[in-house]
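Data block for data-v1.pdb (PDB, C-alpha atoms, pLDDT in the B column):
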```pdb
ATOM      1  CA  MET U  28      42.917 152.214  29.045  1.00 50.00           C
ATOM      2  CA  GLU U  29      42.702 150.647  32.486  1.00 51.00           C
ATOM      3  CA  GLN U  30      39.253 150.211  33.871  1.00 53.00           C
ATOM      4  CA  HIS U  31      38.575 150.456  37.581  1.00 52.00           C
ATOM      5  CA  ARG U  32      36.710 147.551  38.934  1.00 55.00           C
ATOM      6  CA  THR U  33      33.805 148.310  41.174  1.00 54.00           C
ATOM      7  CA  ARG U  34      33.067 146.278  44.298  1.00 53.00           C
ATOM      8  CA  PRO U  35      30.036 144.092  43.922  1.00 52.00           C
ATOM      9  CA  ALA U  36      26.996 145.100  45.832  1.00 53.00           C
ATOM     10  CA  GLN U  37      27.052 141.944  47.877  1.00 53.00           C
ATOM     11  CA  TYR U  38      30.271 143.036  49.607  1.00 50.00           C
ATOM     12  CA  GLY U  39      28.968 146.412  50.609  1.00 51.00           C
ATOM     13  CA  PRO U  40      27.757 147.289  54.109  1.00 52.00           C
ATOM     14  CA  ARG U  41      24.384 145.912  54.929  1.00 54.00           C
ATOM     15  CA  ARG U  42      21.897 147.896  56.871  1.00 55.00           C
ATOM     16  CA  ASN U  43      19.698 146.547  59.653  1.00 55.00           C
ATOM     17  CA  ARG U  44      22.235 143.851  60.367  1.00 55.00           C
ATOM     18  CA  ALA U  45      22.606 142.691  63.949  1.00 54.00           C
ATOM     19  CA  PRO U  46      26.146 143.138  65.347  1.00 56.00           C
ATOM     20  CA  LEU U  47      28.232 140.068  65.869  1.00 57.00           C
ATOM     21  CA  PRO U  48      28.355 138.693  69.426  1.00 52.00           C
ATOM     22  CA  ALA U  49      31.353 139.657  71.490  1.00 55.00           C
ATOM     23  CA  GLN U  50      34.066 137.060  71.580  1.00 55.00           C
ATOM     24  CA  GLY U  51      35.171 135.850  75.000  1.00 51.00           C
ATOM     25  CA  ARG U  52      38.403 134.240  75.991  1.00 54.00           C
ATOM     26  CA  GLY U  53      39.436 131.296  73.878  1.00 53.00           C
ATOM     27  CA  GLY U  54      37.242 132.425  70.982  1.00 53.00           C
ATOM     28  CA  ALA U  55      34.003 131.345  72.650  1.00 54.00           C
ATOM     29  CA  ALA U  56      31.056 133.612  72.141  1.00 54.00           C
ATOM     30  CA  ALA U  57      29.742 135.330  75.256  1.00 54.00           C
ATOM     31  CA  PRO U  58      26.171 134.385  76.170  1.00 57.00           C
ATOM     32  CA  ARG U  59      23.654 136.843  74.835  1.00 63.00           C
ATOM     33  CA  PRO U  60      20.857 138.112  77.089  1.00 57.00           C
ATOM     34  CA  PRO U  61      17.353 136.983  76.123  1.00 60.00           C
ATOM     35  CA  VAL U  62      15.637 139.346  73.735  1.00 61.00           C
ATOM     36  CA  GLY U  63      11.922 140.009  73.774  1.00 60.00           C
ATOM     37  CA  ARG U  64       9.645 141.685  71.298  1.00 64.00           C
ATOM     38  CA  GLY U  65      11.034 144.756  69.600  1.00 61.00           C
ATOM     39  CA  GLY U  66      14.622 143.685  70.175  1.00 61.00           C
ATOM     40  CA  ARG U  67      14.660 144.833  73.810  1.00 64.00           C
ATOM     41  CA  PRO U  68      16.558 142.707  76.292  1.00 60.00           C
ATOM     42  CA  VAL U  69      14.447 140.924  78.857  1.00 58.00           C
ATOM     43  CA  ALA U  70      15.555 141.208  82.483  1.00 58.00           C
ATOM     44  CA  ARG U  71      16.170 137.900  84.143  1.00 59.00           C
ATOM     45  CA  ARG U  72      14.073 137.055  87.144  1.00 58.00           C
ATOM     46  CA  VAL U  73      16.125 136.680  90.289  1.00 51.00           C
ATOM     47  CA  ASP U  74      14.608 134.546  93.015  1.00 50.00           C
ATOM     48  CA  PRO U  75      14.764 136.121  96.470  1.00 50.00           C
ATOM     49  CA  ALA U  76      17.158 134.557  98.911  1.00 51.00           C
ATOM     50  CA  ARG U  77      15.483 131.870 100.899  1.00 51.00           C
ATOM     51  CA  PRO U  78      16.058 131.789 104.655  1.00 49.00           C
ATOM     52  CA  ALA U  79      18.184 129.009 106.013  1.00 50.00           C
ATOM     53  CA  PRO U  80      16.257 125.951 107.210  1.00 47.00           C
ATOM     54  CA  GLY U  81      15.275 126.235 110.797  1.00 51.00           C
ATOM     55  CA  ALA U  82      15.826 130.010 110.937  1.00 54.00           C
ATOM     56  CA  GLY U  83      12.268 130.612 112.121  1.00 65.00           C
ATOM     57  CA  SER U  84      12.088 127.702 114.548  1.00 72.00           C
ATOM     58  CA  PRO U  85      11.418 128.347 118.241  1.00 71.00           C
ATOM     59  CA  VAL U  86      14.873 127.075 119.176  1.00 63.00           C
ATOM     60  CA  ALA U  87      16.529 129.561 116.817  1.00 69.00           C
ATOM     61  CA  ARG U  88      14.452 132.385 118.281  1.00 72.00           C
ATOM     62  CA  VAL U  89      15.482 131.459 121.803  1.00 61.00           C
ATOM     63  CA  VAL U  90      19.134 131.332 120.754  1.00 57.00           C
ATOM     64  CA  ARG U  91      18.900 134.769 119.127  1.00 68.00           C
ATOM     65  CA  ALA U  92      17.192 136.169 122.224  1.00 66.00           C
ATOM     66  CA  LEU U  93      19.931 134.769 124.472  1.00 56.00           C
ATOM     67  CA  ARG U  94      22.630 136.202 122.232  1.00 61.00           C
ATOM     68  CA  GLY U  95      20.965 139.601 122.393  1.00 66.00           C
ATOM     69  CA  MET U  96      21.088 139.638 126.186  1.00 62.00           C
ATOM     70  CA  PRO U  97      23.970 141.339 127.998  1.00 63.00           C
ATOM     71  CA  ASN U  98      26.914 139.035 128.495  1.00 68.00           C
ATOM     72  CA  PRO U  99      29.098 140.384 131.307  1.00 76.00           C
ATOM     73  CA  ARG U 100      32.015 138.449 132.721  1.00 83.00           C
ATOM     74  CA  LEU U 101      32.025 138.498 136.525  1.00 88.00           C
ATOM     75  CA  THR U 102      34.814 137.336 138.790  1.00 90.00           C
ATOM     76  CA  GLY U 103      34.146 134.819 141.531  1.00 88.00           C
ATOM     77  CA  LEU U 104      33.659 137.585 144.098  1.00 92.00           C
ATOM     78  CA  GLY U 105      31.634 139.659 141.655  1.00 92.00           C
ATOM     79  CA  SER U 106      29.282 136.797 140.906  1.00 93.00           C
ATOM     80  CA  GLY U 107      28.746 136.206 144.636  1.00 93.00           C
ATOM     81  CA  LEU U 108      28.000 139.880 145.266  1.00 95.00           C
ATOM     82  CA  PHE U 109      25.687 140.004 142.248  1.00 94.00           C
ATOM     83  CA  CYS U 110      23.692 136.950 143.317  1.00 95.00           C
ATOM     84  CA  ALA U 111      23.473 138.060 146.958  1.00 95.00           C
ATOM     85  CA  ALA U 112      22.405 141.599 146.028  1.00 95.00           C
ATOM     86  CA  VAL U 113      19.745 140.411 143.588  1.00 96.00           C
ATOM     87  CA  MET U 114      18.338 137.831 146.022  1.00 95.00           C
ATOM     88  CA  THR U 115      18.219 140.400 148.839  1.00 94.00           C
ATOM     89  CA  LEU U 116      16.366 142.840 146.573  1.00 95.00           C
ATOM     90  CA  LEU U 117      13.970 140.092 145.521  1.00 95.00           C
ATOM     91  CA  GLY U 118      13.459 139.176 149.173  1.00 93.00           C
ATOM     92  CA  PHE U 119      12.365 142.714 150.028  1.00 93.00           C
ATOM     93  CA  LEU U 120      10.106 142.840 146.976  1.00 94.00           C
ATOM     94  CA  ASP U 121       8.615 139.483 147.953  1.00 92.00           C
ATOM     95  CA  GLU U 122       7.876 140.758 151.435  1.00 89.00           C
ATOM     96  CA  LEU U 123       6.362 143.947 150.057  1.00 91.00           C
ATOM     97  CA  LEU U 124       4.262 142.496 147.235  1.00 91.00           C
ATOM     98  CA  PHE U 125       3.539 138.876 148.186  1.00 89.00           C
ATOM     99  CA  GLY U 126       3.637 138.936 151.985  1.00 86.00           C
ATOM    100  CA  ALA U 127       7.005 137.135 152.324  1.00 85.00           C
ATOM    101  CA  SER U 128       6.030 134.088 150.269  1.00 90.00           C
ATOM    102  CA  LEU U 129       8.784 131.490 150.399  1.00 91.00           C
ATOM    103  CA  THR U 130       7.493 129.796 147.247  1.00 92.00           C
ATOM    104  CA  VAL U 131       7.796 132.989 145.205  1.00 94.00           C
ATOM    105  CA  TYR U 132      11.272 133.521 146.597  1.00 94.00           C
ATOM    106  CA  GLY U 133      12.303 129.978 145.639  1.00 93.00           C
ATOM    107  CA  VAL U 134      10.936 130.328 142.111  1.00 94.00           C
ATOM    108  CA  LEU U 135      12.864 133.575 141.608  1.00 94.00           C
ATOM    109  CA  PHE U 136      16.040 131.964 142.930  1.00 96.00           C
ATOM    110  CA  VAL U 137      16.324 129.508 139.998  1.00 95.00           C
ATOM    111  CA  PRO U 138      16.776 132.052 137.146  1.00 95.00           C
ATOM    112  CA  VAL U 139      19.133 134.139 139.274  1.00 95.00           C
ATOM    113  CA  SER U 140      21.265 131.040 139.834  1.00 95.00           C
ATOM    114  CA  LEU U 141      21.322 130.367 136.102  1.00 94.00           C
ATOM    115  CA  LEU U 142      22.370 133.935 135.286  1.00 93.00           C
ATOM    116  CA  THR U 143      25.104 133.774 137.898  1.00 94.00           C
ATOM    117  CA  ALA U 144      26.502 130.597 136.326  1.00 94.00           C
ATOM    118  CA  LEU U 145      26.309 132.055 132.803  1.00 92.00           C
ATOM    119  CA  TRP U 146      27.883 135.402 133.646  1.00 92.00           C
ATOM    120  CA  VAL U 147      30.832 134.222 135.702  1.00 93.00           C
ATOM    121  CA  ARG U 148      34.085 134.269 133.761  1.00 91.00           C
ATOM    122  CA  ARG U 149      35.776 131.093 132.592  1.00 88.00           C
ATOM    123  CA  GLY U 150      38.531 131.148 135.182  1.00 87.00           C
ATOM    124  CA  ASP U 151      36.033 131.248 138.067  1.00 90.00           C
ATOM    125  CA  LEU U 152      33.443 128.742 136.850  1.00 90.00           C
ATOM    126  CA  LEU U 153      33.683 126.558 139.951  1.00 90.00           C
ATOM    127  CA  THR U 154      32.751 129.438 142.252  1.00 93.00           C
ATOM    128  CA  ALA U 155      29.188 129.733 140.915  1.00 92.00           C
ATOM    129  CA  PRO U 156      27.774 126.592 142.631  1.00 93.00           C
ATOM    130  CA  VAL U 157      29.409 127.769 145.873  1.00 94.00           C
ATOM    131  CA  VAL U 158      28.161 131.358 146.005  1.00 95.00           C
ATOM    132  CA  VAL U 159      24.604 130.515 144.931  1.00 95.00           C
ATOM    133  CA  PRO U 160      23.524 128.790 148.206  1.00 94.00           C
ATOM    134  CA  ILE U 161      25.136 131.574 150.239  1.00 95.00           C
ATOM    135  CA  ALA U 162      23.161 134.172 148.282  1.00 95.00           C
ATOM    136  CA  PHE U 163      19.987 132.155 148.871  1.00 95.00           C
ATOM    137  CA  ALA U 164      20.541 132.320 152.626  1.00 93.00           C
ATOM    138  CA  VAL U 165      21.368 136.035 152.537  1.00 93.00           C
ATOM    139  CA  GLY U 166      18.215 136.864 150.601  1.00 92.00           C
ATOM    140  CA  LEU U 167      16.069 134.882 153.042  1.00 91.00           C
ATOM    141  CA  VAL U 168      16.703 137.360 155.862  1.00 88.00           C
ATOM    142  CA  PRO U 169      13.869 139.779 154.918  1.00 86.00           C
ATOM    143  CA  VAL U 170      11.541 136.890 153.996  1.00 87.00           C
ATOM    144  CA  ALA U 171      12.001 134.601 157.009  1.00 83.00           C
ATOM    145  CA  GLU U 172       9.604 134.936 159.949  1.00 76.00           C
ATOM    146  CA  SER U 173      11.063 136.883 162.844  1.00 69.00           C
ATOM    147  CA  GLY U 174       8.984 135.259 165.594  1.00 62.00           C
ATOM    148  CA  ASP U 175       9.213 137.528 168.659  1.00 63.00           C
ATOM    149  CA  GLY U 176      11.183 140.132 166.688  1.00 64.00           C
ATOM    150  CA  GLY U 177      14.552 139.559 168.366  1.00 71.00           C
ATOM    151  CA  LEU U 178      17.779 138.285 166.896  1.00 76.00           C
ATOM    152  CA  GLY U 179      17.091 134.754 168.147  1.00 78.00           C
ATOM    153  CA  GLY U 180      13.661 134.710 166.531  1.00 78.00           C
ATOM    154  CA  ARG U 181      15.067 135.993 163.246  1.00 78.00           C
ATOM    155  CA  LEU U 182      17.783 133.341 163.296  1.00 84.00           C
ATOM    156  CA  MET U 183      15.285 130.609 164.093  1.00 86.00           C
ATOM    157  CA  GLY U 184      13.029 131.763 161.263  1.00 83.00           C
ATOM    158  CA  LEU U 185      15.998 131.713 158.889  1.00 86.00           C
ATOM    159  CA  VAL U 186      16.908 128.143 159.845  1.00 88.00           C
ATOM    160  CA  THR U 187      13.280 127.064 159.466  1.00 88.00           C
ATOM    161  CA  ALA U 188      13.031 128.677 156.025  1.00 87.00           C
ATOM    162  CA  LEU U 189      16.223 126.966 154.916  1.00 90.00           C
ATOM    163  CA  ALA U 190      14.862 123.620 156.062  1.00 89.00           C
ATOM    164  CA  THR U 191      11.442 124.022 154.462  1.00 89.00           C
ATOM    165  CA  GLU U 192      12.729 125.497 151.185  1.00 89.00           C
ATOM    166  CA  ALA U 193      15.627 123.077 150.731  1.00 91.00           C
ATOM    167  CA  GLY U 194      14.094 121.877 147.462  1.00 93.00           C
ATOM    168  CA  TRP U 195      14.419 125.296 145.847  1.00 94.00           C
ATOM    169  CA  LEU U 196      17.917 125.642 147.297  1.00 94.00           C
ATOM    170  CA  TYR U 197      19.048 122.341 145.829  1.00 95.00           C
ATOM    171  CA  GLY U 198      17.243 123.026 142.557  1.00 95.00           C
ATOM    172  CA  GLY U 199      18.899 126.388 141.997  1.00 95.00           C
ATOM    173  CA  THR U 200      22.291 124.995 142.949  1.00 95.00           C
ATOM    174  CA  LEU U 201      21.775 122.083 140.553  1.00 96.00           C
ATOM    175  CA  VAL U 202      20.868 124.473 137.733  1.00 95.00           C
ATOM    176  CA  ALA U 203      23.980 126.539 138.383  1.00 95.00           C
ATOM    177  CA  GLY U 204      26.153 123.424 138.579  1.00 95.00           C
ATOM    178  CA  SER U 205      24.727 122.048 135.317  1.00 95.00           C
ATOM    179  CA  ALA U 206      25.360 125.331 133.495  1.00 94.00           C
ATOM    180  CA  VAL U 207      28.935 125.381 134.815  1.00 94.00           C
ATOM    181  CA  ILE U 208      29.531 121.795 133.659  1.00 95.00           C
ATOM    182  CA  VAL U 209      28.209 122.561 130.171  1.00 94.00           C
ATOM    183  CA  ARG U 210      30.393 125.655 129.891  1.00 93.00           C
ATOM    184  CA  ARG U 211      33.401 123.700 131.148  1.00 92.00           C
ATOM    185  CA  ILE U 212      32.894 120.939 128.560  1.00 93.00           C
ATOM    186  CA  ARG U 213      32.589 123.467 125.740  1.00 91.00           C
ATOM    187  CA  LEU U 214      35.747 125.224 126.943  1.00 89.00           C
ATOM    188  CA  VAL U 215      37.721 121.963 127.005  1.00 89.00           C
ATOM    189  CA  ARG U 216      36.514 121.044 123.501  1.00 90.00           C
ATOM    190  CA  ARG U 217      37.504 124.432 122.108  1.00 88.00           C
ATOM    191  CA  ARG U 218      40.966 124.153 123.606  1.00 85.00           C
ATOM    192  CA  ALA U 219      41.377 120.630 122.215  1.00 86.00           C
ATOM    193  CA  ALA U 220      40.236 121.748 118.757  1.00 85.00           C
ATOM    194  CA  ALA U 221      42.619 124.718 118.827  1.00 84.00           C
ATOM    195  CA  ARG U 222      45.469 122.433 119.927  1.00 83.00           C
ATOM    196  CA  ASN U 223      44.808 119.910 117.139  1.00 83.00           C
ATOM    197  CA  ARG U 224      44.388 122.540 114.446  1.00 79.00           C
ATOM    198  CA  PRO U 225      47.275 122.404 111.955  1.00 75.00           C
ATOM    199  CA  PRO U 226      49.407 125.553 111.745  1.00 72.00           C
ATOM    200  CA  ALA U 227      48.702 127.804 108.801  1.00 60.00           C
TER     201      ALA U 227
END
```
Would you write out, as structure tokens, the structure that this file holds?
Amino acid sequence: MEQHRTRPAQYGPRRNRAPLPAQGRGGAAAPRPPVGRGGRPVARRVDPARPAPGAGSPVARVVRALRGMPNPRLTGLGSGLFCAAVMTLLGFLDELLFGASLTVYGVLFVPVSLLTALWVRRGDLLTAPVVVPIAFAVGLVPVAESGDGGLGGRLMGLVTALATEAGWLYGGTLVAGSAVIVRRIRLVRRRAAARNRPPA
């Protein structure tokens, strides 16, 4: 009579046995997460992303502030009209608030010249240093002394103001010219880099 063999107990299923680790590609075992007390997986600590070096520097803040400003692109005529209109408005405000102070007018002329040079479009860069002195003279009309109140007195006061405030005139024009030169150099470098870039 044939006897049935029974499987030894050592080959039977074992309880409380940890499952085998999952096999990855190539037969390599996948890394197991760290296990703490009680068999619960421990979450890995992720370090927060560190800001790039120099992100909080004053120069970076100024650059971000400049990028956040409006960036219109004015034509040569548009930049001249913008500068002349702003300087005329500032001239009237100077007469109203500061008693027609030529120093205040000259100080305000420098940032307006810089904005004019930054906002003019690339094709009309060379017009900015030309329209800036004209706008300075136009805005001097409400600030210049009128003398006896006639046209001749107003004209003489305008010539005198131009002569006495030539430093501010040259300074604002120099600022506009420097900004135009910097923009022109950057434009030439970008075109050269695009020309030398290998085709994809």
Subject >> Residue IDs satisfying the PyMOL selection byres ((chain U and resi 100) around 12), as a PyMOL selection string >> reply: chain U and resi 97-99+101-106+109+142-152
Given the point (22.4, 133.2, 145.3) in the file's coordinates, find the residues that have an atom at most 12 Å from it, counting all atoms listed in the file, and give them as a CSV table (one decimal) with C-alpha atoms, keeping the file's coordinate frame.
```csv
chain,number,residue,atom,x,y,z
U,105,GLY,CA,31.6,139.7,141.7
U,106,SER,CA,29.3,136.8,140.9
U,107,GLY,CA,28.7,136.2,144.6
U,108,LEU,CA,28.0,139.9,145.3
U,109,PHE,CA,25.7,140.0,142.2
U,110,CYS,CA,23.7,137.0,143.3
U,111,ALA,CA,23.5,138.1,147.0
U,112,ALA,CA,22.4,141.6,146.0
U,113,VAL,CA,19.7,140.4,143.6
U,114,MET,CA,18.3,137.8,146.0
U,115,THR,CA,18.2,140.4,148.8
U,116,LEU,CA,16.4,142.8,146.6
U,117,LEU,CA,14.0,140.1,145.5
U,118,GLY,CA,13.5,139.2,149.2
U,132,TYR,CA,11.3,133.5,146.6
U,133,GLY,CA,12.3,130.0,145.6
U,135,LEU,CA,12.9,133.6,141.6
U,136,PHE,CA,16.0,132.0,142.9
U,137,VAL,CA,16.3,129.5,140.0
U,138,PRO,CA,16.8,132.1,137.1
U,139,VAL,CA,19.1,134.1,139.3
U,140,SER,CA,21.3,131.0,139.8
U,141,LEU,CA,21.3,130.4,136.1
U,142,LEU,CA,22.4,133.9,135.3
U,143,THR,CA,25.1,133.8,137.9
U,144,ALA,CA,26.5,130.6,136.3
U,154,THR,CA,32.8,129.4,142.3
U,155,ALA,CA,29.2,129.7,140.9
U,156,PRO,CA,27.8,126.6,142.6
U,157,VAL,CA,29.4,127.8,145.9
U,158,VAL,CA,28.2,131.4,146.0
U,159,VAL,CA,24.6,130.5,144.9
U,160,PRO,CA,23.5,128.8,148.2
U,161,ILE,CA,25.1,131.6,150.2
U,162,ALA,CA,23.2,134.2,148.3
U,163,PHE,CA,20.0,132.2,148.9
U,164,ALA,CA,20.5,132.3,152.6
U,165,VAL,CA,21.4,136.0,152.5
U,166,GLY,CA,18.2,136.9,150.6
U,167,LEU,CA,16.1,134.9,153.0
U,195,TRP,CA,14.4,125.3,145.8
U,196,LEU,CA,17.9,125.6,147.3
U,197,TYR,CA,19.0,122.3,145.8
U,198,GLY,CA,17.2,123.0,142.6
U,199,GLY,CA,18.9,126.4,142.0
U,200,THR,CA,22.3,125.0,142.9
U,202,VAL,CA,20.9,124.5,137.7
U,203,ALA,CA,24.0,126.5,138.4
```
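Going from CA of Val207 in chain U to CA of Leu189 in chain U covers 23.8 Å.
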Listed atoms of range 210-213 of chain U boxed along x, y and z, 4 Å each side, centre and edge lengths in Å, one decimal, as lines of an AutoDock Vina configuration file:
```
center_x = 31.9
center_y = 123.3
center_z = 128.4
size_x = 11.0
size_y = 12.7
size_z = 13.4
```
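Between CA of Val131 in chain U and CA of Thr187 in chain U there is a distance of 16.4 Å.
Interatomic distance, CA of Leu214 in chain U to CA of Arg88 in chain U: 24.1 Å.
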Selection under test: the PyMOL selection byres ((chain U and resi 127) around 12); residues as a PDB file with C-alpha atoms, in the frame of the given file:
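Printed below is selection_39.pdb as written:
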```
ATOM      1  CA  LEU U 117      13.970 140.092 145.521  1.00 95.00           C
ATOM      2  CA  GLY U 118      13.459 139.176 149.173  1.00 93.00           C
ATOM      3  CA  PHE U 119      12.365 142.714 150.028  1.00 93.00           C
ATOM      4  CA  LEU U 120      10.106 142.840 146.976  1.00 94.00           C
ATOM      5  CA  ASP U 121       8.615 139.483 147.953  1.00 92.00           C
ATOM      6  CA  GLU U 122       7.876 140.758 151.435  1.00 89.00           C
ATOM      7  CA  LEU U 123       6.362 143.947 150.057  1.00 91.00           C
ATOM      8  CA  LEU U 124       4.262 142.496 147.235  1.00 91.00           C
ATOM      9  CA  PHE U 125       3.539 138.876 148.186  1.00 89.00           C
ATOM     10  CA  GLY U 126       3.637 138.936 151.985  1.00 86.00           C
ATOM     11  CA  SER U 128       6.030 134.088 150.269  1.00 90.00           C
ATOM     12  CA  LEU U 129       8.784 131.490 150.399  1.00 91.00           C
ATOM     13  CA  THR U 130       7.493 129.796 147.247  1.00 92.00           C
ATOM     14  CA  VAL U 131       7.796 132.989 145.205  1.00 94.00           C
ATOM     15  CA  TYR U 132      11.272 133.521 146.597  1.00 94.00           C
ATOM     16  CA  GLY U 133      12.303 129.978 145.639  1.00 93.00           C
ATOM     17  CA  GLY U 166      18.215 136.864 150.601  1.00 92.00           C
ATOM     18  CA  LEU U 167      16.069 134.882 153.042  1.00 91.00           C
ATOM     19  CA  VAL U 168      16.703 137.360 155.862  1.00 88.00           C
ATOM     20  CA  PRO U 169      13.869 139.779 154.918  1.00 86.00           C
ATOM     21  CA  VAL U 170      11.541 136.890 153.996  1.00 87.00           C
ATOM     22  CA  ALA U 171      12.001 134.601 157.009  1.00 83.00           C
ATOM     23  CA  GLU U 172       9.604 134.936 159.949  1.00 76.00           C
ATOM     24  CA  SER U 173      11.063 136.883 162.844  1.00 69.00           C
ATOM     25  CA  ALA U 188      13.031 128.677 156.025  1.00 87.00           C
TER      26      ALA U 188
END
```
